[in-house]
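**Q** The following file, entry_29.pdb, comprises PDB, C-alpha atoms and all ligand atoms:
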```pdb
ATOM      1  CA  MET P   1     -49.106 -31.101   3.564
ATOM      2  CA  ILE P   2     -45.741 -30.576   1.848
ATOM      3  CA  GLU P   3     -45.445 -27.119   0.313
ATOM      4  CA  LYS P   4     -43.814 -26.685  -3.072
ATOM      5  CA  SER P   5     -41.246 -24.326  -1.494
ATOM      6  CA  GLN P   6     -40.242 -27.109   0.919
ATOM      7  CA  PHE P   7     -39.775 -29.477  -1.994
ATOM      8  CA  LEU P   8     -37.770 -26.957  -3.978
ATOM      9  CA  GLN P   9     -35.445 -26.495  -1.019
ATOM     10  CA  ASN P  10     -34.335 -30.051  -1.688
ATOM     11  CA  ALA P  11     -33.620 -29.267  -5.334
ATOM     12  CA  PRO P  12     -30.014 -28.517  -6.283
ATOM     13  CA  LEU P  13     -29.156 -24.828  -6.068
ATOM     14  CA  SER P  14     -27.125 -24.929  -9.234
ATOM     15  CA  LEU P  15     -27.020 -27.438 -12.046
ATOM     16  CA  PRO P  16     -23.838 -29.366 -12.731
ATOM     17  CA  ALA P  17     -21.804 -29.209 -15.893
ATOM     18  CA  MET P  18     -20.051 -32.311 -17.169
ATOM     19  CA  HIS P  19     -16.770 -32.616 -18.995
ATOM     20  CA  THR P  20     -15.126 -35.544 -20.725
ATOM     21  CA  GLU P  21     -11.390 -35.606 -21.301
ATOM     22  CA  GLN P  22      -9.738 -38.065 -23.717
ATOM     23  CA  LEU P  23     -12.637 -40.434 -23.136
ATOM     24  CA  SER P  24     -12.409 -43.807 -24.878
ATOM     25  CA  LEU P  25     -14.584 -46.896 -24.677
ATOM     26  CA  TYR P  26     -13.664 -50.413 -25.759
ATOM     27  CA  TYR P  27     -15.985 -53.400 -26.079
ATOM     28  CA  GLY P  28     -13.431 -56.161 -25.656
ATOM     29  CA  LYS P  29     -10.634 -55.229 -28.073
ATOM     30  CA  LYS P  30     -12.836 -53.106 -30.342
ATOM     31  CA  ALA P  31     -12.952 -49.364 -29.743
ATOM     32  CA  ALA P  32     -16.454 -47.868 -29.912
ATOM     33  CA  PHE P  33     -14.988 -44.344 -29.744
ATOM     34  CA  THR P  34     -11.713 -42.795 -28.691
ATOM     35  CA  ASP P  35     -10.318 -39.560 -27.301
ATOM     36  CA  ILE P  36     -13.479 -37.557 -26.854
ATOM     37  CA  THR P  37     -12.914 -34.292 -25.028
ATOM     38  CA  MET P  38     -16.123 -32.353 -24.751
ATOM     39  CA  PRO P  39     -17.961 -30.051 -22.355
ATOM     40  CA  ILE P  40     -21.608 -30.538 -21.436
ATOM     41  CA  GLN P  41     -22.957 -27.184 -20.342
ATOM     42  CA  ALA P  42     -25.011 -26.852 -17.168
ATOM     43  CA  GLY P  43     -28.731 -26.330 -17.677
ATOM     44  CA  LYS P  44     -28.447 -26.587 -21.464
ATOM     45  CA  ILE P  45     -29.476 -29.190 -24.030
ATOM     46  CA  THR P  46     -26.592 -30.863 -25.862
ATOM     47  CA  ALA P  47     -27.550 -32.901 -28.940
ATOM     48  CA  LEU P  48     -25.308 -35.762 -30.104
ATOM     49  CA  VAL P  49     -25.717 -36.439 -33.815
ATOM     50  CA  GLY P  50     -23.987 -38.563 -36.439
ATOM     51  CA  PRO P  51     -24.483 -41.650 -38.561
ATOM     52  CA  SER P  52     -25.298 -45.068 -37.163
ATOM     53  CA  GLY P  53     -22.524 -46.836 -35.272
ATOM     54  CA  CYS P  54     -20.374 -43.763 -34.534
ATOM     55  CA  GLY P  55     -20.606 -44.247 -30.762
ATOM     56  CA  LYS P  56     -23.317 -41.803 -29.619
ATOM     57  CA  THR P  57     -25.187 -44.299 -27.444
ATOM     58  CA  SER P  58     -21.932 -45.733 -26.122
ATOM     59  CA  PHE P  59     -20.755 -42.232 -25.163
ATOM     60  CA  LEU P  60     -24.071 -41.536 -23.414
ATOM     61  CA  SER P  61     -23.802 -44.814 -21.475
ATOM     62  CA  CYS P  62     -20.460 -43.728 -20.044
ATOM     63  CA  LEU P  63     -21.936 -40.573 -18.523
ATOM     64  CA  ASN P  64     -23.673 -42.453 -15.710
ATOM     65  CA  ARG P  65     -21.559 -45.587 -15.902
ATOM     66  CA  LEU P  66     -24.214 -47.798 -17.437
ATOM     67  CA  THR P  67     -21.177 -49.265 -19.196
ATOM     68  CA  ASP P  68     -20.318 -50.938 -15.847
ATOM     69  CA  LEU P  69     -23.237 -53.260 -16.567
ATOM     70  CA  ILE P  70     -21.888 -54.424 -19.949
ATOM     71  CA  PRO P  71     -19.301 -57.221 -19.690
ATOM     72  CA  HIS P  72     -15.814 -56.688 -21.152
ATOM     73  CA  THR P  73     -16.052 -52.907 -21.489
ATOM     74  CA  LYS P  74     -13.075 -50.691 -20.733
ATOM     75  CA  VAL P  75     -13.439 -46.949 -20.269
ATOM     76  CA  SER P  76     -10.403 -44.679 -20.099
ATOM     77  CA  GLY P  77      -9.891 -40.944 -19.813
ATOM     78  CA  SER P  78     -11.993 -38.910 -17.413
ATOM     79  CA  ILE P  79     -15.537 -37.707 -16.904
ATOM     80  CA  ARG P  80     -16.294 -34.933 -14.439
ATOM     81  CA  LEU P  81     -19.671 -34.110 -12.986
ATOM     82  CA  ASP P  82     -18.756 -30.695 -11.637
ATOM     83  CA  ASP P  83     -15.742 -31.654  -9.524
ATOM     84  CA  LEU P  84     -16.639 -35.307  -9.131
ATOM     85  CA  ASP P  85     -14.470 -37.793 -11.030
ATOM     86  CA  ILE P  86     -17.207 -40.271 -11.888
ATOM     87  CA  LEU P  87     -14.904 -42.974 -13.264
ATOM     88  CA  ASN P  88     -13.270 -43.275  -9.868
ATOM     89  CA  SER P  89     -14.046 -46.814  -8.668
ATOM     90  CA  ARG P  90     -14.944 -45.461  -5.210
ATOM     91  CA  ILE P  91     -17.922 -43.574  -6.670
ATOM     92  CA  ASP P  92     -21.221 -45.343  -5.953
ATOM     93  CA  ALA P  93     -22.693 -45.953  -9.430
ATOM     94  CA  ILE P  94     -26.258 -46.343  -8.073
ATOM     95  CA  ALA P  95     -26.077 -42.955  -6.354
ATOM     96  CA  LEU P  96     -24.543 -41.493  -9.526
ATOM     97  CA  ARG P  97     -27.458 -42.770 -11.608
ATOM     98  CA  ARG P  98     -29.869 -41.033  -9.283
ATOM     99  CA  ARG P  99     -28.129 -37.754 -10.166
ATOM    100  CA  VAL P 100     -27.728 -38.658 -13.845
ATOM    101  CA  GLY P 101     -30.816 -40.440 -15.199
ATOM    102  CA  THR P 102     -31.346 -42.165 -18.559
ATOM    103  CA  ILE P 103     -34.406 -42.323 -20.803
ATOM    104  CA  PHE P 104     -34.163 -44.958 -23.530
ATOM    105  CA  GLN P 105     -35.387 -45.135 -27.105
ATOM    106  CA  LYS P 106     -38.141 -47.649 -26.495
ATOM    107  CA  PRO P 107     -40.542 -46.658 -23.695
ATOM    108  CA  ASN P 108     -39.998 -49.353 -21.070
ATOM    109  CA  PRO P 109     -42.336 -48.817 -18.113
ATOM    110  CA  PHE P 110     -42.287 -51.514 -15.438
ATOM    111  CA  PRO P 111     -45.216 -53.966 -15.754
ATOM    112  CA  PHE P 112     -46.799 -52.346 -12.692
ATOM    113  CA  SER P 113     -49.442 -49.690 -12.161
ATOM    114  CA  ILE P 114     -48.764 -46.096 -13.227
ATOM    115  CA  TRP P 115     -48.478 -45.163  -9.547
ATOM    116  CA  LYS P 116     -46.066 -47.956  -8.706
ATOM    117  CA  ASN P 117     -43.826 -47.071 -11.660
ATOM    118  CA  LEU P 118     -43.022 -43.865  -9.799
ATOM    119  CA  ALA P 119     -43.348 -45.067  -6.187
ATOM    120  CA  PHE P 120     -41.016 -48.022  -6.738
ATOM    121  CA  PRO P 121     -37.844 -46.072  -7.653
ATOM    122  CA  LEU P 122     -38.485 -43.675  -4.769
ATOM    123  CA  GLN P 123     -38.817 -46.564  -2.305
ATOM    124  CA  GLU P 124     -35.738 -48.242  -3.780
ATOM    125  CA  HIS P 125     -33.824 -45.034  -3.073
ATOM    126  CA  GLY P 126     -35.032 -44.977   0.531
ATOM    127  CA  VAL P 127     -37.857 -42.411   0.343
ATOM    128  CA  LYS P 128     -40.329 -43.667   2.946
ATOM    129  CA  ASN P 129     -42.549 -40.676   3.788
ATOM    130  CA  ARG P 130     -45.894 -41.514   2.150
ATOM    131  CA  GLU P 131     -46.976 -37.906   1.919
ATOM    132  CA  LYS P 132     -43.730 -36.972   0.206
ATOM    133  CA  ILE P 133     -44.069 -39.910  -2.205
ATOM    134  CA  LYS P 134     -47.641 -38.851  -3.070
ATOM    135  CA  TRP P 135     -46.581 -35.249  -3.554
ATOM    136  CA  LEU P 136     -43.600 -36.150  -5.710
ATOM    137  CA  ILE P 137     -45.651 -38.489  -7.897
ATOM    138  CA  GLU P 138     -48.431 -35.963  -8.452
ATOM    139  CA  THR P 139     -46.168 -33.012  -9.190
ATOM    140  CA  THR P 140     -43.966 -35.100 -11.492
ATOM    141  CA  LEU P 141     -46.969 -36.368 -13.447
ATOM    142  CA  GLU P 142     -48.082 -32.732 -13.768
ATOM    143  CA  ASP P 143     -44.592 -31.786 -14.906
ATOM    144  CA  VAL P 144     -44.653 -34.276 -17.788
ATOM    145  CA  GLY P 145     -48.219 -33.314 -18.726
ATOM    146  CA  LEU P 146     -49.698 -36.683 -17.727
ATOM    147  CA  TRP P 147     -51.599 -35.819 -14.572
ATOM    148  CA  LYS P 148     -54.902 -34.877 -16.213
ATOM    149  CA  GLU P 149     -54.713 -37.908 -18.512
ATOM    150  CA  VAL P 150     -54.045 -40.501 -15.803
ATOM    151  CA  LYS P 151     -55.305 -39.097 -12.498
ATOM    152  CA  ASP P 152     -58.386 -41.333 -12.600
ATOM    153  CA  ARG P 153     -56.457 -44.489 -13.509
ATOM    154  CA  LEU P 154     -53.329 -44.289 -11.386
ATOM    155  CA  HIS P 155     -53.692 -47.911 -10.327
ATOM    156  CA  SER P 156     -54.151 -49.248 -13.862
ATOM    157  CA  SER P 157     -51.262 -50.979 -15.582
ATOM    158  CA  ALA P 158     -48.709 -48.657 -17.150
ATOM    159  CA  LEU P 159     -48.698 -51.071 -20.088
ATOM    160  CA  SER P 160     -52.212 -49.846 -20.991
ATOM    161  CA  LEU P 161     -50.858 -46.367 -21.841
ATOM    162  CA  SER P 162     -50.213 -45.225 -25.421
ATOM    163  CA  GLY P 163     -46.603 -45.147 -26.690
ATOM    164  CA  GLY P 164     -46.249 -41.404 -26.099
ATOM    165  CA  GLN P 165     -47.800 -41.638 -22.635
ATOM    166  CA  LYS P 166     -45.463 -44.522 -21.772
ATOM    167  CA  GLN P 167     -42.468 -42.431 -22.799
ATOM    168  CA  ARG P 168     -43.687 -39.473 -20.695
ATOM    169  CA  LEU P 169     -44.119 -41.905 -17.776
ATOM    170  CA  CYS P 170     -40.526 -43.069 -18.282
ATOM    171  CA  ILE P 171     -39.398 -39.438 -18.220
ATOM    172  CA  ALA P 172     -41.452 -38.991 -15.026
ATOM    173  CA  ARG P 173     -39.780 -42.092 -13.569
ATOM    174  CA  ALA P 174     -36.406 -40.415 -14.074
ATOM    175  CA  LEU P 175     -37.603 -36.995 -12.875
ATOM    176  CA  VAL P 176     -39.250 -38.277  -9.698
ATOM    177  CA  LEU P 177     -35.787 -39.037  -8.302
ATOM    178  CA  GLN P 178     -34.900 -35.338  -8.657
ATOM    179  CA  PRO P 179     -31.858 -35.850 -10.904
ATOM    180  CA  GLU P 180     -29.593 -33.066 -12.106
ATOM    181  CA  VAL P 181     -28.614 -34.497 -15.495
ATOM    182  CA  LEU P 182     -30.885 -36.326 -17.947
ATOM    183  CA  LEU P 183     -29.578 -38.498 -20.781
ATOM    184  CA  PHE P 184     -32.036 -39.184 -23.609
ATOM    185  CA  ASP P 185     -31.219 -41.889 -26.165
ATOM    186  CA  GLU P 186     -33.365 -41.225 -29.250
ATOM    187  CA  PRO P 187     -36.438 -40.734 -27.052
ATOM    188  CA  CYS P 188     -38.829 -39.957 -29.914
ATOM    189  CA  SER P 189     -37.750 -42.426 -32.557
ATOM    190  CA  ALA P 190     -40.206 -45.154 -31.527
ATOM    191  CA  LEU P 191     -43.160 -42.733 -31.363
ATOM    192  CA  ASP P 192     -45.744 -41.548 -33.872
ATOM    193  CA  PRO P 193     -45.277 -37.954 -35.096
ATOM    194  CA  ILE P 194     -47.820 -36.411 -32.708
ATOM    195  CA  SER P 195     -46.484 -38.189 -29.607
ATOM    196  CA  SER P 196     -42.972 -37.380 -30.776
ATOM    197  CA  GLY P 197     -43.856 -33.669 -30.878
ATOM    198  CA  VAL P 198     -45.317 -33.826 -27.359
ATOM    199  CA  VAL P 199     -42.207 -35.558 -25.977
ATOM    200  CA  GLU P 200     -39.923 -33.142 -27.830
ATOM    201  CA  ASP P 201     -41.760 -30.141 -26.332
ATOM    202  CA  LEU P 202     -41.444 -31.762 -22.917
ATOM    203  CA  ILE P 203     -37.676 -32.181 -23.338
ATOM    204  CA  ALA P 204     -37.363 -28.557 -24.494
ATOM    205  CA  SER P 205     -39.227 -27.487 -21.336
ATOM    206  CA  LEU P 206     -36.492 -29.105 -19.198
ATOM    207  CA  ARG P 207     -33.921 -26.530 -20.361
ATOM    208  CA  GLY P 208     -32.641 -24.514 -17.441
ATOM    209  CA  ARG P 209     -33.993 -27.027 -14.908
ATOM    210  CA  TYR P 210     -31.747 -29.944 -15.808
ATOM    211  CA  THR P 211     -28.525 -30.500 -17.719
ATOM    212  CA  VAL P 212     -29.677 -32.497 -20.749
ATOM    213  CA  VAL P 213     -27.844 -34.648 -23.318
ATOM    214  CA  ILE P 214     -29.886 -36.116 -26.160
ATOM    215  CA  VAL P 215     -28.889 -38.560 -28.901
ATOM    216  CA  THR P 216     -31.015 -37.970 -31.963
ATOM    217  CA  HIS P 217     -31.006 -38.988 -35.610
ATOM    218  CA  ASN P 218     -33.432 -36.196 -36.319
ATOM    219  CA  LEU P 219     -31.339 -33.179 -37.310
ATOM    220  CA  ALA P 220     -34.378 -30.908 -37.354
ATOM    221  CA  GLN P 221     -35.050 -31.934 -33.771
ATOM    222  CA  ALA P 222     -31.438 -31.294 -32.737
ATOM    223  CA  ARG P 223     -31.717 -27.848 -34.272
ATOM    224  CA  ARG P 224     -35.086 -27.091 -32.670
ATOM    225  CA  ILE P 225     -34.288 -28.074 -29.117
ATOM    226  CA  GLY P 226     -30.492 -28.170 -28.803
ATOM    227  CA  ASP P 227     -28.345 -25.380 -27.430
ATOM    228  CA  TYR P 228     -25.125 -27.221 -28.317
ATOM    229  CA  ALA P 229     -24.468 -30.009 -30.784
ATOM    230  CA  ALA P 230     -21.694 -32.548 -31.237
ATOM    231  CA  LEU P 231     -21.114 -34.460 -34.466
ATOM    232  CA  PHE P 232     -19.692 -37.965 -34.095
ATOM    233  CA  TRP P 233     -18.342 -39.941 -37.057
ATOM    234  CA  VAL P 234     -16.699 -43.303 -37.713
ATOM    235  CA  GLN P 235     -13.121 -42.878 -38.869
ATOM    236  CA  GLY P 236     -10.919 -45.952 -39.269
ATOM    237  CA  GLU P 237     -13.734 -48.051 -37.721
ATOM    238  CA  VAL P 238     -13.664 -45.959 -34.543
ATOM    239  CA  GLY P 239     -16.102 -43.280 -33.386
ATOM    240  CA  ARG P 240     -14.635 -39.786 -33.188
ATOM    241  CA  LEU P 241     -15.900 -36.375 -32.194
ATOM    242  CA  ILE P 242     -15.649 -34.282 -35.356
ATOM    243  CA  GLU P 243     -17.066 -30.989 -34.195
ATOM    244  CA  TYR P 244     -18.725 -29.467 -31.149
ATOM    245  CA  GLY P 245     -20.324 -26.043 -31.002
ATOM    246  CA  THR P 246     -23.521 -24.140 -30.486
ATOM    247  CA  VAL P 247     -26.407 -25.423 -32.564
ATOM    248  CA  GLU P 248     -26.410 -22.122 -34.411
ATOM    249  CA  GLN P 249     -22.742 -22.512 -35.331
ATOM    250  CA  ILE P 250     -22.913 -26.218 -36.233
ATOM    251  CA  PHE P 251     -25.885 -25.712 -38.537
ATOM    252  CA  THR P 252     -25.062 -22.354 -40.077
ATOM    253  CA  ASN P 253     -21.290 -22.093 -39.907
ATOM    254  CA  PRO P 254     -19.743 -25.572 -39.601
ATOM    255  CA  GLN P 255     -15.972 -25.605 -39.398
ATOM    256  CA  HIS P 256     -15.446 -29.144 -40.670
ATOM    257  CA  ASP P 257     -16.297 -30.476 -44.157
ATOM    258  CA  LEU P 258     -17.959 -33.562 -42.660
ATOM    259  CA  THR P 259     -20.213 -31.414 -40.494
ATOM    260  CA  SER P 260     -21.182 -29.325 -43.476
ATOM    261  CA  ALA P 261     -21.913 -32.449 -45.542
ATOM    262  CA  TYR P 262     -23.902 -34.044 -42.719
ATOM    263  CA  VAL P 263     -26.085 -31.096 -41.772
ATOM    264  CA  ASN P 264     -26.785 -30.446 -45.457
ATOM    265  CA  GLY P 265     -27.847 -34.050 -46.012
ATOM    266  CA  ILE P 266     -24.988 -34.798 -48.426
ATOM    267  CA  ARG P 267     -23.383 -37.468 -46.219
ATOM    268  CA  GLY P 268     -24.515 -39.805 -43.455
TER     269      GLY P 268
HETATM  270  N1  LIG P 301     -22.694 -53.988 -26.137
HETATM  271  C1  LIG P 301     -21.876 -53.898 -27.193
HETATM  272  N2  LIG P 301     -20.946 -54.847 -27.411
HETATM  273  C2  LIG P 301     -20.087 -54.775 -28.457
HETATM  274  N3  LIG P 301     -20.104 -53.780 -29.352
HETATM  275  C3  LIG P 301     -21.005 -52.807 -29.196
HETATM  276  C4  LIG P 301     -21.941 -52.805 -28.109
HETATM  277  N4  LIG P 301     -22.733 -51.701 -28.208
HETATM  278  C5  LIG P 301     -22.294 -51.049 -29.302
HETATM  279  N5  LIG P 301     -21.274 -51.688 -29.890
HETATM  280  C6  LIG P 301     -20.520 -51.248 -31.082
HETATM  281  O1  LIG P 301     -19.949 -49.975 -30.783
HETATM  282  C7  LIG P 301     -20.028 -49.124 -31.914
HETATM  283  C8  LIG P 301     -20.817 -47.856 -31.556
HETATM  284  O2  LIG P 301     -22.171 -48.230 -31.306
HETATM  285  P1  LIG P 301     -23.242 -47.216 -30.739
HETATM  286  O3  LIG P 301     -24.529 -47.964 -30.562
HETATM  287  O4  LIG P 301     -22.685 -46.526 -29.565
HETATM  288  O5  LIG P 301     -23.358 -46.187 -31.960
HETATM  289  P2  LIG P 301     -24.509 -45.143 -32.246
HETATM  290  O6  LIG P 301     -23.854 -43.969 -32.895
HETATM  291  O7  LIG P 301     -25.313 -44.890 -31.033
HETATM  292  O8  LIG P 301     -25.383 -45.941 -33.324
HETATM  293  P3  LIG P 301     -26.951 -45.814 -33.637
HETATM  294  O9  LIG P 301     -27.169 -44.428 -34.096
HETATM  295  O10 LIG P 301     -27.172 -46.830 -34.718
HETATM  296  O11 LIG P 301     -27.682 -46.155 -32.381
HETATM  297  C9  LIG P 301     -20.669 -49.951 -33.028
HETATM  298  O12 LIG P 301     -19.647 -50.506 -33.811
HETATM  299  C10 LIG P 301     -21.419 -51.028 -32.272
HETATM  300  O13 LIG P 301     -21.532 -52.196 -33.051
END
```
Output the file's structure in the form of structure tokens.

**A**
Amino acid sequence: MIEKSQFLQNAPLSLPAMHTEQLSLYYGKKAAFTDITMPIQAGKITALVGPSGCGKTSFLSCLNRLTDLIPHTKVSGSIRLDDLDILNSRIDAIALRRRVGTIFQKPNPFPFSIWKNLAFPLQEHGVKNREKIKWLIETTLEDVGLWKEVKDRLHSSALSLSGGQKQRLCIARALVLQPEVLLFDEPCSALDPISSGVVEDLIASLRGRYTVVIVTHNLAQARRIGDYAALFWVQGEVGRLIEYGTVEQIFTNPQHDLTSAYVNGIRG
């Protein structure tokens, strides 16, 4: 029997912060965004907001080098995960993505059983101890509030779950690998309002246990769950960071006219 204390000993003692410096991303010759210097605070939720096409998803993709998988992309500047320079070509991108997981807009469970959706990534990352796998799967399903709903159908297809349950399973699939940073790309936008509320509460509950970055079009959501917010905007056909601050400051005391117009629904 693996005790929870044993498991927690494996958890990171402190959460990492991230920091981008003069970060730019090009798709071929076209810049998605340029010169973004921004902190991502450890253990906090940072919300990226802004109108369509301003580079939020592209920025998120850089943070665990998913951009490596897109042909003809060029990333310049630097990204630090604590002291680690993650753009260094010697960094193992697969190992990085275990530390920095992504949850996408559309819930995309594997076409396997609920159990195998969580066992598979563990096995792929070399976890072989069956008792540990069982323990991790059960506690992670509890963590995302799915255990009671699925404990009697663990070997049914994950595709039989509702949209909200699928998204919580995808969050579990990221969490089961014990990451430190979680990147959410509009995780609620494909869900009905009730499922969206459940997933939003789940993300809020991750504060203090993970470093979280979330892209959202829902300003009310950014305000409810974010600790920090960053407004991106297209200027001269290129995404730019307009303003970064605490959620309180961005929404109640914006320093930039565009931020004020955006959070008040006048522009964007
Ligand atoms: N794989 C790609 N290849 C070429 N251009 C891309 C690619 N992905 C995004 N872009 C372009 O990069 C720019 C930024 O797109 P991105 O999806 O990052 O913006 P966004 O702010 O996340 O938009 P949305 O809110 O609509 O999702 C856009 O001009 C987009 O067309």

**Q** Could you list the protein, DNA and RNA residues that have any atom within 12 Å of ligand LIG 301 (chain P), counting all atoms listed in the file, and write them as a ChimeraX atom specification?

**A** /P:24-34,48-62,66-74,104-105,184-187,189,214-218,230-241,268

**Q** Taking only C-alpha atoms into account, name the residue in P:Leu118, P:Cys188, P:Val199, P:Val263 that is nearest to Thr139 (chain P).

**A** P:Leu118

**Q** Mind listing as a list in words all residues within 12 Å of (-27.9, -33.1, -43.3), counting all atoms listed in the file?

**A**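 Nearby residues: Val49, Gly50, Pro51, His217, Asn218, Leu219, Ala220, Gln221, Ala222, Arg223, Leu231, Ile250, Phe251, Thr252, Pro254, Asp257, Leu258, Thr259, Ser260, Ala261, Tyr262, Val263, Asn264, Gly265, Ile266, Arg267 and Gly268 of chain P.
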
**Q** Applied to the shown file, which residues does the PyMOL selection byres (((chain P and resi 91-101) around 6) and not hetatm) return, written as a list in words?

**A**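 Expected selection for the PyMOL selection byres (((chain P and resi 91-101) around 6) and not hetatm) here is Asn64, Asn88, Ser89, Arg90, Thr102, Ala174, Pro179, Glu180, Val181 and Leu182 of chain P.
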
**Q** Here's the selection I'm unsure about, the PyMOL selection byres (((chain P and resi 143-147) around 8) and not hetatm); applied to the file above, which residues does it give, as an NGL selection string?

**A** :P and (138-142 or 148-151 or 165 or 168-169 or 171-172 or 202)

**Q** Check which residues satisfy the PyMOL selection byres (((chain P and resi 121) around 12) and not hetatm) in the file shown, then give them as JSON, numbers by chain.

**A** {"P": [94, 97, 98, 101, 109, 110, 115, 116, 117, 118, 119, 120, 122, 123, 124, 125, 126, 127, 128, 133, 136, 137, 170, 172, 173, 174, 175, 176, 177, 178]}

**Q** Can you tell me how far CA of Thr46 (chain P) sits from CA of Glu200 (chain P), in Å to one decimal?

**A**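 Here the two named atoms are 13.7 Å from each other.
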
**Q** Of the candidates P:Val247, P:Leu183, P:Ile242, P:Leu63, which shows the shortest atom-to-atom distance to Leu81 (chain P), using only C-alpha atoms?

**A**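 Using only C-alpha atoms, the shortest distance to Leu81 (chain P) belongs to P:Leu63.
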
**Q** Figure out the distance between CA of Asn253 (chain P) and CA of Gln41 (chain P), please, to one decimal in Å.

**A**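 Value for the CA of Gln41 (chain P)-CA of Asn253 (chain P) distance: 20.3 Å.
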
**Q** Could you tell me how far CA of Leu23 (chain P) lies from CA of Arg80 (chain P), in Å and to one decimal?

**A**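 Answer for the CA of Leu23 (chain P) to CA of Arg80 (chain P) separation: 10.9 Å.
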
**Q** Between P:Ala158, P:Lys106, P:Asp35, P:Ala42, single out the one closest to Ala190 (chain P), counting all atoms listed in the file.

**A**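 Among the listed residues, the smallest separation from Ala190 (chain P) belongs to P:Lys106.
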
**Q** P:Ala17, P:Arg207, P:Gln167, P:Gln249: which is nearest Asp82 (chain P), counting all atoms listed in the file?

**A**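 Among the listed residues, P:Ala17 lies closest to Asp82 (chain P).
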
**Q** Which one of P:Arg153, P:Ser162, P:Ser14, P:Ile45 sits closest to Leu206 (chain P) if you count all atoms listed in the file?

**A**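 For Leu206 (chain P), the nearest of the candidates is P:Ile45.
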